[in-house]
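Visitor: Take a look at structure.cif, mmCIF, C-alpha atoms:
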data_input
loop_
_atom_site.group_PDB
_atom_site.id
_atom_site.type_symbol
_atom_site.label_atom_id
_atom_site.label_comp_id
_atom_site.auth_asym_id
_atom_site.auth_seq_id
_atom_site.Cartn_x
_atom_site.Cartn_y
_atom_site.Cartn_z
ATOM 1 C CA MET A 1 0.000 0.000 0.000
ATOM 2 C CA SER A 2 1.317 3.467 -0.886
ATOM 3 C CA ASN A 3 1.011 6.633 1.131
ATOM 4 C CA GLU A 4 1.270 10.364 0.553
ATOM 5 C CA TRP A 5 5.091 10.149 0.611
ATOM 6 C CA GLY A 6 5.036 7.883 -2.436
ATOM 7 C CA SER A 7 6.457 4.791 -0.725
ATOM 8 C CA PRO A 8 5.103 1.494 0.632
ATOM 9 C CA THR A 9 3.926 1.895 4.216
ATOM 10 C CA ARG A 10 6.213 0.125 6.670
ATOM 11 C CA THR A 11 4.897 -1.759 9.678
ATOM 12 C CA LEU A 12 4.324 0.573 12.605
ATOM 13 C CA THR A 13 5.163 -0.619 16.106
ATOM 14 C CA LEU A 14 3.771 1.640 18.822
ATOM 15 C CA ASN A 15 5.011 1.678 22.358
ATOM 16 C CA ALA A 16 3.092 2.573 25.468
ATOM 17 C CA GLU A 17 4.778 5.916 25.944
ATOM 18 C CA SER A 18 2.381 8.798 26.464
ATOM 19 C CA THR A 19 2.138 11.110 23.454
ATOM 20 C CA SER A 20 0.941 14.090 25.458
ATOM 21 C CA ARG A 21 4.432 15.587 25.602
ATOM 22 C CA ILE A 22 5.315 15.121 21.942
ATOM 23 C CA THR A 23 6.296 18.368 20.227
ATOM 24 C CA ARG A 24 6.822 19.604 16.684
ATOM 25 C CA ALA A 25 10.566 19.706 17.384
ATOM 26 C CA THR A 26 10.542 16.068 18.549
ATOM 27 C CA LEU A 27 8.647 14.926 15.462
ATOM 28 C CA SER A 28 10.834 16.942 13.112
ATOM 29 C CA ALA A 29 13.945 15.372 14.645
ATOM 30 C CA ALA A 30 12.439 11.925 14.095
ATOM 31 C CA ALA A 31 11.571 12.878 10.514
ATOM 32 C CA VAL A 32 15.108 14.102 9.812
ATOM 33 C CA GLY A 33 16.458 10.764 11.035
ATOM 34 C CA CYS A 34 14.099 8.961 8.667
ATOM 35 C CA PHE A 35 15.007 11.248 5.763
ATOM 36 C CA GLU A 36 18.687 10.514 6.294
ATOM 37 C CA ARG A 37 17.967 6.778 6.421
ATOM 38 C CA TYR A 38 15.419 6.407 3.614
ATOM 39 C CA GLY A 39 15.431 9.699 1.688
ATOM 40 C CA VAL A 40 12.694 12.334 1.724
ATOM 41 C CA HIS A 41 10.360 10.753 -0.845
ATOM 42 C CA ARG A 42 10.677 7.229 0.573
ATOM 43 C CA THR A 43 9.786 8.283 4.121
ATOM 44 C CA SER A 44 6.172 7.821 5.187
ATOM 45 C CA MET A 45 4.243 9.406 8.019
ATOM 46 C CA ALA A 46 4.203 5.918 9.540
ATOM 47 C CA ASP A 47 8.015 5.941 9.545
ATOM 48 C CA VAL A 48 8.054 9.291 11.353
ATOM 49 C CA ALA A 49 5.515 8.075 13.903
ATOM 50 C CA GLU A 50 7.465 4.867 14.511
ATOM 51 C CA ALA A 51 10.738 6.742 14.935
ATOM 52 C CA ALA A 52 9.095 9.095 17.460
ATOM 53 C CA GLY A 53 7.267 6.260 19.242
ATOM 54 C CA VAL A 54 3.810 7.741 18.676
ATOM 55 C CA SER A 55 0.743 7.039 16.559
ATOM 56 C CA ARG A 56 0.272 8.449 13.077
ATOM 57 C CA GLN A 57 -2.679 10.419 14.444
ATOM 58 C CA SER A 58 -0.288 12.186 16.820
ATOM 59 C CA VAL A 59 1.917 13.173 13.894
ATOM 60 C CA TYR A 60 -1.054 14.472 11.901
ATOM 61 C CA ARG A 61 -2.277 16.524 14.852
ATOM 62 C CA LEU A 62 0.930 18.563 14.815
ATOM 63 C CA PHE A 63 1.699 18.326 11.090
ATOM 64 C CA PRO A 64 -1.569 17.907 9.149
ATOM 65 C CA THR A 65 0.236 17.567 5.803
ATOM 66 C CA ARG A 66 3.573 16.587 4.331
ATOM 67 C CA ALA A 67 4.185 20.212 3.377
ATOM 68 C CA ASP A 68 3.637 21.359 6.980
ATOM 69 C CA LEU A 69 6.355 19.008 8.187
ATOM 70 C CA LEU A 70 8.821 19.918 5.436
ATOM 71 C CA GLU A 71 8.215 23.651 5.934
ATOM 72 C CA TYR A 72 8.985 23.310 9.629
ATOM 73 C CA ILE A 73 12.207 21.414 8.917
ATOM 74 C CA MET A 74 13.275 23.884 6.229
ATOM 75 C CA GLY A 75 12.599 26.770 8.603
ATOM 76 C CA GLN A 76 14.698 25.162 11.336
ATOM 77 C CA ARG A 77 17.619 24.665 8.980
ATOM 78 C CA ILE A 78 17.419 28.204 7.568
ATOM 79 C CA GLU A 79 17.501 29.607 11.102
ATOM 80 C CA LYS A 80 20.612 27.542 11.899
ATOM 81 C CA MET A 81 22.274 28.780 8.711
ATOM 82 C CA ALA A 82 21.531 32.367 9.692
ATOM 83 C CA LYS A 83 23.193 31.858 13.073
ATOM 84 C CA ARG A 84 26.320 30.540 11.330
ATOM 85 C CA LEU A 85 26.372 33.610 9.095
ATOM 86 C CA LEU A 86 26.179 36.236 11.870
ATOM 87 C CA LYS A 87 29.953 36.296 12.406
ATOM 88 C CA VAL A 88 30.610 36.305 8.653
ATOM 89 C CA PHE A 89 28.395 39.338 8.088
ATOM 90 C CA SER A 90 29.889 41.240 11.013
ATOM 91 C CA GLU A 91 33.244 41.280 9.190
ATOM 92 C CA PHE A 92 32.099 43.041 6.008
ATOM 93 C CA ASP A 93 33.152 46.691 5.816
ATOM 94 C CA ASN A 94 30.825 47.841 3.048
ATOM 95 C CA PHE A 95 27.394 47.171 1.660
ATOM 96 C CA GLU A 96 28.565 45.931 -1.723
ATOM 97 C CA ASP A 97 30.792 43.199 -0.277
ATOM 98 C CA ALA A 98 28.125 42.135 2.207
ATOM 99 C CA LEU A 99 25.471 41.889 -0.478
ATOM 100 C CA ILE A 100 27.570 40.067 -3.062
ATOM 101 C CA GLU A 101 30.058 37.987 -1.077
ATOM 102 C CA GLY A 102 27.698 37.476 1.854
ATOM 103 C CA SER A 103 25.006 36.277 -0.522
ATOM 104 C CA ILE A 104 27.403 33.856 -2.209
ATOM 105 C CA ILE A 105 28.415 32.393 1.170
ATOM 106 C CA SER A 106 24.751 32.169 2.232
ATOM 107 C CA ILE A 107 23.818 30.243 -0.912
ATOM 108 C CA GLN A 108 26.833 27.938 -0.541
ATOM 109 C CA ILE A 109 25.916 27.108 3.048
ATOM 110 C CA GLY A 110 22.390 26.234 1.938
ATOM 111 C CA GLN A 111 23.672 24.035 -0.877
ATOM 112 C CA SER A 112 26.124 22.291 1.465
ATOM 113 C CA ASP A 113 23.267 21.172 3.736
ATOM 114 C CA ALA A 114 22.536 17.810 2.094
ATOM 115 C CA LEU A 115 19.004 17.429 3.447
ATOM 116 C CA PHE A 116 17.997 21.016 2.709
ATOM 117 C CA ALA A 117 19.420 20.682 -0.798
ATOM 118 C CA GLU A 118 17.515 17.405 -1.313
ATOM 119 C CA ILE A 119 14.216 19.014 -0.334
ATOM 120 C CA VAL A 120 14.861 21.990 -2.623
ATOM 121 C CA ALA A 121 16.063 19.842 -5.536
ATOM 122 C CA GLN A 122 12.973 17.648 -5.588
ATOM 123 C CA GLY A 123 10.730 20.589 -6.439
ATOM 124 C CA GLY A 124 7.236 20.112 -7.809
ATOM 125 C CA ASP A 125 5.552 21.296 -4.619
ATOM 126 C CA HIS A 126 4.214 24.806 -5.126
ATOM 127 C CA ARG A 127 3.721 25.369 -1.397
ATOM 128 C CA LEU A 128 7.340 24.487 -0.595
ATOM 129 C CA ASP A 129 8.594 26.647 -3.462
ATOM 130 C CA GLN A 130 6.591 29.522 -2.002
ATOM 131 C CA PHE A 131 7.986 28.855 1.458
ATOM 132 C CA LEU A 132 11.521 28.968 0.078
ATOM 133 C CA LEU A 133 10.741 32.354 -1.461
ATOM 134 C CA ARG A 134 8.907 33.976 1.434
ATOM 135 C CA GLY A 135 9.910 31.979 4.525
ATOM 136 C CA SER A 136 7.955 32.321 7.756
ATOM 137 C CA PRO A 137 7.742 35.002 10.468
ATOM 138 C CA ALA A 138 10.462 33.162 12.434
ATOM 139 C CA VAL A 139 12.727 32.915 9.383
ATOM 140 C CA GLN A 140 12.122 36.559 8.476
ATOM 141 C CA LYS A 141 13.010 37.604 12.037
ATOM 142 C CA ARG A 142 16.253 35.629 11.918
ATOM 143 C CA MET A 143 17.193 37.063 8.523
ATOM 144 C CA LEU A 144 16.486 40.592 9.771
ATOM 145 C CA GLU A 145 18.894 39.970 12.649
ATOM 146 C CA LEU A 146 21.476 38.854 10.105
ATOM 147 C CA TRP A 147 21.086 41.770 7.685
ATOM 148 C CA GLU A 148 20.002 44.711 9.838
ATOM 149 C CA GLY A 149 23.543 45.780 10.797
ATOM 150 C CA VAL A 150 24.645 45.756 7.152
ATOM 151 C CA LEU A 151 21.544 47.654 6.025
ATOM 152 C CA ASP A 152 21.703 50.210 8.847
ATOM 153 C CA ARG A 153 25.358 50.994 8.042
ATOM 154 C CA ALA A 154 24.542 51.287 4.340
ATOM 155 C CA ARG A 155 21.724 53.702 5.149
ATOM 156 C CA GLU A 156 23.990 55.810 7.404
ATOM 157 C CA GLN A 157 26.614 55.930 4.636
ATOM 158 C CA GLY A 158 24.041 56.946 2.054
ATOM 159 C CA ARG A 159 24.548 53.737 0.059
ATOM 160 C CA LEU A 160 21.045 52.288 0.460
ATOM 161 C CA ARG A 161 18.321 53.629 -1.799
ATOM 162 C CA PRO A 162 15.975 55.923 0.169
ATOM 163 C CA GLY A 163 12.537 54.701 1.122
ATOM 164 C CA ILE A 164 13.549 51.056 1.490
ATOM 165 C CA SER A 165 12.957 49.509 4.906
ATOM 166 C CA ASN A 166 15.079 46.707 6.311
ATOM 167 C CA GLU A 167 12.077 44.384 6.055
ATOM 168 C CA GLN A 168 11.593 45.183 2.369
ATOM 169 C CA ALA A 169 15.296 44.799 1.599
ATOM 170 C CA VAL A 170 15.543 41.455 3.403
ATOM 171 C CA ASP A 171 12.438 40.144 1.650
ATOM 172 C CA TRP A 172 13.955 41.070 -1.737
ATOM 173 C CA ILE A 173 17.357 39.596 -0.900
ATOM 174 C CA ARG A 174 15.841 36.344 0.371
ATOM 175 C CA SER A 175 13.741 35.920 -2.760
ATOM 176 C CA GLN A 176 16.821 36.355 -4.942
ATOM 177 C CA HIS A 177 18.771 33.841 -2.857
ATOM 178 C CA ALA A 178 15.903 31.369 -3.242
ATOM 179 C CA LEU A 179 15.789 31.796 -7.011
ATOM 180 C CA MET A 180 19.537 31.282 -7.329
ATOM 181 C CA THR A 181 19.354 28.242 -5.060
ATOM 182 C CA ILE A 182 16.611 26.691 -7.191
ATOM 183 C CA ARG A 183 18.520 27.382 -10.416
ATOM 184 C CA GLY A 184 20.784 24.349 -10.494
ATOM 185 C CA ASP A 185 22.502 25.680 -13.628
ATOM 186 C CA TYR A 186 23.805 28.770 -11.816
ATOM 187 C CA ASP A 187 27.426 28.327 -10.787
ATOM 188 C CA GLU A 188 29.216 30.784 -8.509
ATOM 189 C CA ALA A 189 30.315 32.979 -11.410
ATOM 190 C CA MET A 190 26.718 33.341 -12.633
ATOM 191 C CA GLN A 191 25.455 33.995 -9.120
ATOM 192 C CA ARG A 192 28.013 36.750 -8.688
ATOM 193 C CA PHE A 193 27.079 38.230 -12.074
ATOM 194 C CA VAL A 194 23.369 38.315 -11.193
ATOM 195 C CA LEU A 195 24.052 39.834 -7.783
ATOM 196 C CA ARG A 196 26.343 42.542 -9.135
ATOM 197 C CA THR A 197 24.356 43.335 -12.274
ATOM 198 C CA PHE A 198 20.780 43.161 -11.035
ATOM 199 C CA VAL A 199 20.420 42.758 -7.267
ATOM 200 C CA LEU A 200 22.981 45.347 -6.138
ATOM 201 C CA PRO A 201 21.659 48.179 -8.372
ATOM 202 C CA ALA A 202 18.125 47.509 -7.103
ATOM 203 C CA LEU A 203 19.170 48.316 -3.526
ATOM 204 C CA CYS A 204 22.280 50.462 -3.797
ATOM 205 C CA ARG A 205 22.208 54.200 -4.464
ATOM 206 C CA ASP A 206 24.466 55.382 -7.273
ATOM 207 C CA LYS A 207 27.670 57.023 -6.081
#
Could you render the structure as structure tokens?

Guide:
Amino acid sequence: MSNEWGSPTRTLTLNAESTSRITRATLSAAAVGCFERYGVHRTSMADVAEAAGVSRQSVYRLFPTRADLLEYIMGQRIEKMAKRLLKVFSEFDNFEDALIEGSIISIQIGQSDALFAEIVAQGGDHRLDQFLLRGSPAVQKRMLELWEGVLDRAREQGRLRPGISNEQAVDWIRSQHALMTIRGDYDEAMQRFVLRTFVLPALCRDK
């Protein structure tokens, strides 16, 4: 029998552990373990439930759909990437370097996360594509923390175009990162070209 993950359902063995304390974080950790063992498409909700020691109904209560679970996991991994990048961004002296080189490093970190890259590469899920482009309130908050120092300095130096808020700038930057991440034919040279030719002029005031 197949399930919504596109794989035969494996036998589920439940234990007697109470499910009242199960959390989204606990289930996502169990799911990640299954993804690493079977692959994203071959993992079923039954596999996640078995790995967490709960019923499938418990999984569906916290993650009603496959997309809900994958969005949560993607959001967790994006937040971790942002934390890694905080020190990197603190070392840039000017807006241009932060936007171009910082973006390149950000994209590389995302592509080096094997599970994140696998989820992105599979595509075909409009909701997940949209999540990659727009994120979530938690992801947006983390990205604002990452970029706000760079943007505030650029504004003080008169390098940021007037009338652009940090929120608007971060939303634009994130969408461009997502597009370049999805484009598997974009190597680093092409990414740098797009950033310098199109993204930078959209945000940076002419000297």

Visitor: Tell me which of A:Trp172, A:Phe193, A:Phe116, A:Phe95 sits closest to Arg155 in chain A, counting only C-alpha atoms.

Guide: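 Once distances to Arg155 in chain A are computed over only C-alpha atoms, the minimum belongs to A:Phe95.
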
Visitor: What's the 9 Å shell around Leu99 in chain A, counting all atoms listed in the file, without same-chain residues fewer than 2 positions away, as a short mmCIF file (atom, residue, chain, number, x, y, z; two decimals) with C-alpha atoms, in the frame of the given file?

Guide:
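Heads up, here's the output in part15.cif:
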data_model
loop_
_atom_site.label_atom_id
_atom_site.label_comp_id
_atom_site.auth_asym_id
_atom_site.auth_seq_id
_atom_site.Cartn_x
_atom_site.Cartn_y
_atom_site.Cartn_z
CA ASN A 94 30.82 47.84 3.05
CA PHE A 95 27.39 47.17 1.66
CA GLU A 96 28.56 45.93 -1.72
CA ASP A 97 30.79 43.20 -0.28
CA GLU A 101 30.06 37.99 -1.08
CA GLY A 102 27.70 37.48 1.85
CA SER A 103 25.01 36.28 -0.52
CA ILE A 104 27.40 33.86 -2.21
CA VAL A 150 24.64 45.76 7.15
CA ILE A 173 17.36 39.60 -0.90
CA LEU A 195 24.05 39.83 -7.78
CA ARG A 196 26.34 42.54 -9.14
CA VAL A 199 20.42 42.76 -7.27
CA LEU A 200 22.98 45.35 -6.14
#

Visitor: Here's a test: counting all atoms listed in the file, identify every protein, DNA and RNA residue with an atom at most 9 Å from (19.7, 48.8, -3.8) in the file's coordinate frame, and state them as a PyMOL selection string.

Guide: chain A and resi 159-162+164+169+199-206

Visitor: If the PyMOL selection byres ((chain A and resi 80) around 12) were run on this exact file, what residues would it hold? Put them as an mmCIF file with C-alpha atoms, in the coordinates of the input.

Guide:
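What landed in selection_4.cif:
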data_model
loop_
_atom_site.group_PDB
_atom_site.id
_atom_site.type_symbol
_atom_site.label_atom_id
_atom_site.label_comp_id
_atom_site.auth_asym_id
_atom_site.auth_seq_id
_atom_site.Cartn_x
_atom_site.Cartn_y
_atom_site.Cartn_z
ATOM 1 C CA ILE A 73 12.207 21.414 8.917
ATOM 2 C CA MET A 74 13.275 23.884 6.229
ATOM 3 C CA GLY A 75 12.599 26.770 8.603
ATOM 4 C CA GLN A 76 14.698 25.162 11.336
ATOM 5 C CA ARG A 77 17.619 24.665 8.980
ATOM 6 C CA ILE A 78 17.419 28.204 7.568
ATOM 7 C CA GLU A 79 17.501 29.607 11.102
ATOM 8 C CA MET A 81 22.274 28.780 8.711
ATOM 9 C CA ALA A 82 21.531 32.367 9.692
ATOM 10 C CA LYS A 83 23.193 31.858 13.073
ATOM 11 C CA ARG A 84 26.320 30.540 11.330
ATOM 12 C CA LEU A 85 26.372 33.610 9.095
ATOM 13 C CA LEU A 86 26.179 36.236 11.870
ATOM 14 C CA SER A 106 24.751 32.169 2.232
ATOM 15 C CA ILE A 109 25.916 27.108 3.048
ATOM 16 C CA GLY A 110 22.390 26.234 1.938
ATOM 17 C CA ASP A 113 23.267 21.172 3.736
ATOM 18 C CA PHE A 116 17.997 21.016 2.709
ATOM 19 C CA ALA A 138 10.462 33.162 12.434
ATOM 20 C CA VAL A 139 12.727 32.915 9.383
ATOM 21 C CA ARG A 142 16.253 35.629 11.918
ATOM 22 C CA MET A 143 17.193 37.063 8.523
ATOM 23 C CA LEU A 146 21.476 38.854 10.105
#

Visitor: What gap, in Å, lies between CA of Ala98 in chain A and CA of Ala178 in chain A?

Guide: 17.2 Å

Visitor: Within 9 Å of (13.5, 44.7, 6.8) (file coordinates; only C-alpha atoms), which protein or nucleic acid residues are there? I'd like them as a list in words.

Guide: Gln140, Lys141, Met143, Leu144, Trp147, Glu148, Leu151, Ile164, Ser165, Asn166, Glu167, Gln168, Ala169, Val170 and Asp171 of chain A

Visitor: Could you state the separation of CA of Arg134 in chain A and CA of Asp47 in chain A in Å, given to one decimal place?

Guide: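 Separation between CA of Arg134 in chain A and CA of Asp47 in chain A: 29.2 Å.
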
Visitor: Please reconstruct the missing atoms of range 34-59 of chain A (target: N, CA, C and O atoms) and return them as a compact mmCIF listing (two decimals), in the frame of the given file.

Guide:
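Okay, this is what ended up in result.txt:
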# COMPACT_ATOMS: atom_id res chain seq x y z
N CYS A 34 14.66 9.81 9.72
CA CYS A 34 14.10 8.96 8.67
C CYS A 34 14.55 9.42 7.28
O CYS A 34 14.86 8.59 6.42
N PHE A 35 14.58 10.72 7.06
CA PHE A 35 15.01 11.25 5.76
C PHE A 35 16.44 10.82 5.46
O PHE A 35 16.78 10.46 4.33
N GLU A 36 17.29 10.88 6.48
CA GLU A 36 18.69 10.51 6.29
C GLU A 36 18.84 9.02 6.05
O GLU A 36 19.78 8.59 5.37
N ARG A 37 17.90 8.23 6.58
CA ARG A 37 17.97 6.78 6.42
C ARG A 37 17.33 6.32 5.11
O ARG A 37 17.89 5.48 4.39
N TYR A 38 16.16 6.89 4.78
CA TYR A 38 15.42 6.41 3.61
C TYR A 38 15.40 7.38 2.43
O TYR A 38 15.12 6.97 1.30
N GLY A 39 15.66 8.67 2.70
CA GLY A 39 15.43 9.70 1.69
C GLY A 39 14.08 10.35 1.92
O GLY A 39 13.18 9.75 2.53
N VAL A 40 13.92 11.58 1.46
CA VAL A 40 12.69 12.33 1.72
C VAL A 40 11.48 11.65 1.11
O VAL A 40 10.46 11.43 1.78
N HIS A 41 11.53 11.31 -0.17
CA HIS A 41 10.36 10.75 -0.84
C HIS A 41 9.99 9.36 -0.34
O HIS A 41 8.82 8.97 -0.41
N ARG A 42 10.94 8.61 0.15
CA ARG A 42 10.68 7.23 0.57
C ARG A 42 10.22 7.15 2.03
O ARG A 42 9.86 6.06 2.51
N THR A 43 10.21 8.27 2.72
CA THR A 43 9.79 8.28 4.12
C THR A 43 8.28 8.50 4.21
O THR A 43 7.74 9.41 3.57
N SER A 44 7.61 7.68 4.99
CA SER A 44 6.17 7.82 5.19
C SER A 44 5.89 8.45 6.55
O SER A 44 6.75 8.49 7.43
N MET A 45 4.65 8.90 6.72
CA MET A 45 4.24 9.41 8.02
C MET A 45 4.31 8.28 9.06
O MET A 45 4.56 8.54 10.24
N ALA A 46 4.08 7.06 8.63
CA ALA A 46 4.20 5.92 9.54
C ALA A 46 5.64 5.77 10.03
O ALA A 46 5.87 5.45 11.20
N ASP A 47 6.60 6.01 9.15
CA ASP A 47 8.02 5.94 9.54
C ASP A 47 8.33 6.99 10.62
O ASP A 47 9.02 6.72 11.59
N VAL A 48 7.81 8.20 10.40
CA VAL A 48 8.05 9.29 11.35
C VAL A 48 7.43 8.94 12.71
O VAL A 48 8.04 9.13 13.76
N ALA A 49 6.20 8.44 12.66
CA ALA A 49 5.52 8.07 13.90
C ALA A 49 6.28 6.98 14.64
O ALA A 49 6.47 7.04 15.86
N GLU A 50 6.73 5.97 13.88
CA GLU A 50 7.46 4.87 14.51
C GLU A 50 8.76 5.36 15.13
O GLU A 50 9.12 4.97 16.25
N ALA A 51 9.47 6.23 14.41
CA ALA A 51 10.74 6.74 14.94
C ALA A 51 10.53 7.57 16.20
O ALA A 51 11.38 7.58 17.09
N ALA A 52 9.39 8.26 16.28
CA ALA A 52 9.10 9.10 17.46
C ALA A 52 8.40 8.31 18.56
O ALA A 52 8.26 8.80 19.68
N GLY A 53 7.95 7.07 18.24
CA GLY A 53 7.27 6.26 19.24
C GLY A 53 5.86 6.72 19.54
O GLY A 53 5.39 6.63 20.67
N VAL A 54 5.18 7.25 18.51
CA VAL A 54 3.81 7.74 18.68
C VAL A 54 2.95 7.20 17.54
O VAL A 54 3.43 6.56 16.61
N SER A 55 1.66 7.47 17.61
CA SER A 55 0.74 7.04 16.56
C SER A 55 0.80 8.02 15.39
O SER A 55 1.22 9.17 15.54
N ARG A 56 0.34 7.55 14.23
CA ARG A 56 0.27 8.45 13.08
C ARG A 56 -0.67 9.61 13.35
O ARG A 56 -0.44 10.72 12.88
N GLN A 57 -1.74 9.34 14.11
CA GLN A 57 -2.68 10.42 14.44
C GLN A 57 -1.99 11.54 15.21
O GLN A 57 -2.30 12.72 15.03
N SER A 58 -1.03 11.18 16.06
CA SER A 58 -0.29 12.19 16.82
C SER A 58 0.56 13.05 15.89
O SER A 58 0.69 14.26 16.09
N VAL A 59 1.14 12.42 14.87
CA VAL A 59 1.92 13.17 13.89
C VAL A 59 1.02 14.14 13.14
O VAL A 59 1.33 15.33 12.99
